[in-house]
Every structure is written in C-alpha cells, then in structure tokens.
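Report on the following structure.
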Amino acid sequence: MGYLLGVLVLLPLWGCSSSSQVEPPKVTQPQPTSLVLATPLQVSYQSELALARLGQMLGEMELTPEQRAELFYERAVVFDRVGLRSLARLDFNRALREKPDFAEAYNFIGVYLVQQQNYDEAYEAFDSALELAPDYDYAYLNRGIALYYGNRPSLSISDMKRFYEAQPEDPYRALWFYLAERKLDESTAMSHLRDHLNKHGDDAWNWDLVRLYTGQINATQLMGSVVKGVKDNRELAERLCETYFYLGKFELFKGNRKEAISYFKLALANNVYDFIEHRYALLELELMARKSPPPGSQTQSEQSGKPAAL
C-alpha cells in the first residue's frame with residue numbers, strides 16, 4: 001500500500017480497507033493499449049460520522065489541552081483523508097497550539113508545506129518532528145521527499161537510506177531510495193535498486209513496480225500484476241494510484257513528457273487523497289507545468305510518433 005504518512009489514528013475508522021459493502025471489480029488482463037480504471041473513491045459514511053462526532057466532542061465536552069490536541073489531530077486526519085486539506089491543516093495547527101510537542105502534527109504540516117513548495121519551512125517542521133521523536137520513520141521519509149523536491153539530493157539520500165534500512169523488504173522504500181540516489185548518480189542508483197530486488201523481492205504485486213524500473217517487465221505486464229487478487233474497488237483504486245504515479249516517474253525519466261502527465265493525472269483520478277503518490281502526483285504536474293516547452297516545440301513522444309497514455 002502507499003504510505004499514509006505514518007499516522008496512528010485513535011478512532012476505529014482509519015485504514016486501507018473499506019468497511020462499506022462493495023462488489024469486487026470485474027477486471028481483466030490489460031491489453032498493450034488498454035488502461036485499468038477504478039471508480040474514484042467517495043467520502044464514506046464512516047468519515048462523515050467521525051467528523052460530526054469529533055466536532056461535537058470539541059464543541060461540547062470539557063477537555064484538557066492534551067485531549068483537545070488529540071481530537072483536533074484526529075479530525076485533521078479525517079479531513080485529510082477526504083481531501084479537505086485546508087481544514088486539515090487548520091486543525092493540525094490547532095493541535096500544535098494545544099500540544100507544542102506533537103510530533104505527528106509537525107509531520108503533517110511539513111507534508112503540506114512540501115506540496116506548496118515551501119521547502120525551508122517544511123524542513124523545519126520535519127526537524128521538529130524528529131527532535132521530538134528521533135525514531136519516527138515516516139518523518140525521515142517525508143523529510144527525504146522534501147529534500148528530493150528541494151534539490152538537496154545528498155541530504156535526501158541520507159534520509160531515504162535510513163528509511164529503507166528500517167524495512168528493506170518494502171518495495172516502496174527501495175523505490176524512494178532509488179529516486180533520491182538517481183539525482184546524483186543514475187548508474188549507482190540502478191545498481192543498488194537491482195541489489196535490493198535480488199535480496200528482498202518476492203511475488204507480491206508491488207515488487208513488480210521495482211521490476212519495471214530494472215527492466216525485467218514492461219508496463220503491460222505490470223498492469224496485469226496490479227489487478228491480480230484485487231478484492232474490491234478501494235483496493236483497486238489504491239493500487240492504481242500507486243502504479244500510475246510510479247509509471248509517471250518512469251516515463252518522465254525516459255523523456256516521455258506527455259505520457260508522464262497522463263499517468264500523474266490517472267494517479268489523481270482515484271481520489272486516494274491520503275497516499276503520498278496522490279500528493280506528489282499533483283506536485284509533479286505543477287512542476288512540469290512550470291517547465292512547459294515553448295509553443296511550437298515537440299516533445300520526445302511527438303517526435304517519435306508514439307501516442308501518449310491518454
């Protein structure tokens with residue numbers, strides 16, 4: 001699964017599996033030119049109910065600052081999960097006012113600052129989280145991502161290496177370590193990625209994301225792996241959010257700008273707001289918009305006649 005920023009939520013409504021009854025999606029092995037799509041995720045009844053209950057508790061109960069901080073944080077996480085990020089950020093800040101040593105809230109604030117490309121303040125937020133919780137794995141990941149997008153690759157590699165070594169059997173950790181290393185030395189990064197795959201890779205579908213990057217499979221084979229064993233629409237949407245993000249990065253590295261844009265848009269289309277792949281697909285599109293080629297120029301795909309993904 002994609003990362004949920006390492007949050008620990010107290011209410012029994014937070015997780016990857018949907019508690020609503022959804023018919024298993026009817027999916028088939030994709031053909032070379034086909035795309036796999038899921039129904040975009042919708043706000044669940046459980047999330048709406050949680051927001052109502054948390055608001056009632058905050059408005060009517062006598063609470064200690066610690067309790068208010070926890071409730072603000074819980075509500076912020078739910079706001080974030082349903083895509084209401086301005087309201088989420090407001091509640092994370094409220095949690096910090098009530099509890100200035102709230103590491104998880106600093107972590108979330110840092111992520112929002114990265115998405116706004118406010119890197120210096122993001123570094124400070126992650127530094128605060130790690131000062132308060134030195135073993136907070138996901139703060140290392142998120143600071144590493146901030147440093148990656150902030151063009152500080154050496155520092156990014158250090159954080160990604162620590163994050164990877166804490167759980168080397170996780171293919172997503174191997175991929176982010178690769179992305180960070182690639183900014184400095186593409187050959188070394190690929191050599192390490194192949195080593196990680198050889199040592200820890202197994203038959204789980206998400207290791208095929210790594211196999212795509214190492215050239216062992218192609219995109220069509222990857223999409224065939226994605227749909228295997230899918231139980232419901234939520235699981236399919238989550239897998240596709242992850243897959244299309246990493247396909248976008250893969251095509252971007254090859255210089256296929258139009259394909260990359262299409263894949264990043266597909267990652268967003270699933271509404272899996274709490275996955276980092278959703279968050280940074282949007283950032284990737286914003287960064288690419290800044291680097292748009294001048295009118296009349298041709299991308300590599302247009303020059304070769306290769307069709308875009310959409």
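Ligands are numbered from 1 in the order shown, residues from 1 within each chain, and chains are lettered A, B, ... in the order they appear in the structure tokens.
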
Inset, instruction - Using DSSP on the backbone coordinates, identify the residues of stretch 34-264 of chain A assigned to alpha helix (DSSP H); present them as a ChimeraX atom specification. - result: /A:45-60,65-81,85-98,103-115,119-132,137-149,153-166,171-182,186-200,207-213,219-226,233-253,257-264

Closest pair table for stretch 59-153 of chain A residues within 10 Å of stretch 37-44 of chain A, only C-alpha atoms, as a tab-separated table:
residue	atom	partner	partner_atom	distance
A:Arg81	CA	A:Val43	CA	8.7
A:Val82	CA	A:Val43	CA	5.9
A:Gly83	CA	A:Val43	CA	9.0

Inset, instruction - Name the residues in contact with stretch 237-244 of chain A at a cut-off of 10 Å, using only C-alpha atoms, excluding same-chain residues fewer than 3 positions from it; report them as number ranges by chain. - result: A: 1-3, 16-17, 36-41, 172, 205-206, 208-209, 219, 222-223, 226-227, 230, 232-234, 247-250, 260, 262-278, 281

Inset, instruction - Identify which of the residues A:Glu104, A:Glu235, A:Glu181, A:Glu66 lies closest to A:Leu193, counting only C-alpha atoms when measuring atom-to-atom distances. - result: A:Glu181

Legend entry - Gap from atom CA of A:Leu175 to atom CA of A:Val210 - Å, one decimal: 6.7 Å

Inset, instruction - Excluding A:Phe92 and residues on its chain fewer than 3 positions from it, collect all residues at most 6 Å away from it, counting only C-alpha atoms, and give them as a PyMOL selection string. - result: chain A and resi 73+76+89+95+105

Legend entry - stretch 132-139 of chain A surroundings by only C-alpha atoms, 8 Å radius, close-in-sequence under 3 positions cut, as number ranges by chain: A: 5-6, 101-103, 107, 126, 128-129, 142-143, 163, 166

Selected residues written out with N, CA and C atoms, as a tab-separated table (two decimals), in the first residue's frame:
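Wrote out_12.tsv, looks like this:
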chain	number	residue	atom	x	y	z
A	5	LEU	N	1.61	8.43	5.63
A	5	LEU	CA	2.41	9.39	6.39
A	5	LEU	C	2.74	8.91	7.78
A	6	GLY	N	2.52	7.65	8.06
A	6	GLY	CA	2.93	7.10	9.34
A	6	GLY	C	2.08	7.56	10.50
A	101	ASP	N	4.45	19.79	21.56
A	101	ASP	CA	5.39	18.70	21.31
A	101	ASP	C	4.74	17.54	20.55
A	102	PHE	N	3.82	17.85	19.66
A	102	PHE	CA	3.05	16.85	18.91
A	102	PHE	C	3.79	16.53	17.62
A	103	ALA	N	4.62	15.51	17.65
A	103	ALA	CA	5.48	15.19	16.51
A	103	ALA	C	4.68	14.86	15.25
A	107	ASN	N	4.77	16.53	11.43
A	107	ASN	CA	5.00	15.74	10.23
A	107	ASN	C	3.98	16.09	9.14
A	126	PHE	N	9.78	19.08	9.78
A	126	PHE	CA	10.26	17.70	9.94
A	126	PHE	C	11.37	17.62	10.98
A	128	SER	N	11.53	19.44	13.60
A	128	SER	CA	10.83	19.47	14.89
A	128	SER	C	10.26	18.11	15.23
A	129	ALA	N	9.66	17.45	14.24
A	129	ALA	CA	9.09	16.13	14.47
A	129	ALA	C	10.17	15.15	14.92
A	142	ASN	N	9.37	11.62	4.81
A	142	ASN	CA	8.80	12.88	4.33
A	142	ASN	C	9.82	13.99	4.23
A	143	ARG	N	10.79	14.01	5.17
A	143	ARG	CA	11.87	14.99	5.03
A	143	ARG	C	12.73	14.64	3.82
A	163	PHE	N	15.42	5.38	6.10
A	163	PHE	CA	14.06	4.88	5.98
A	163	PHE	C	14.05	3.49	5.35
A	166	ALA	N	15.30	0.56	7.66
A	166	ALA	CA	14.40	0.16	8.74
A	166	ALA	C	13.47	-0.96	8.30
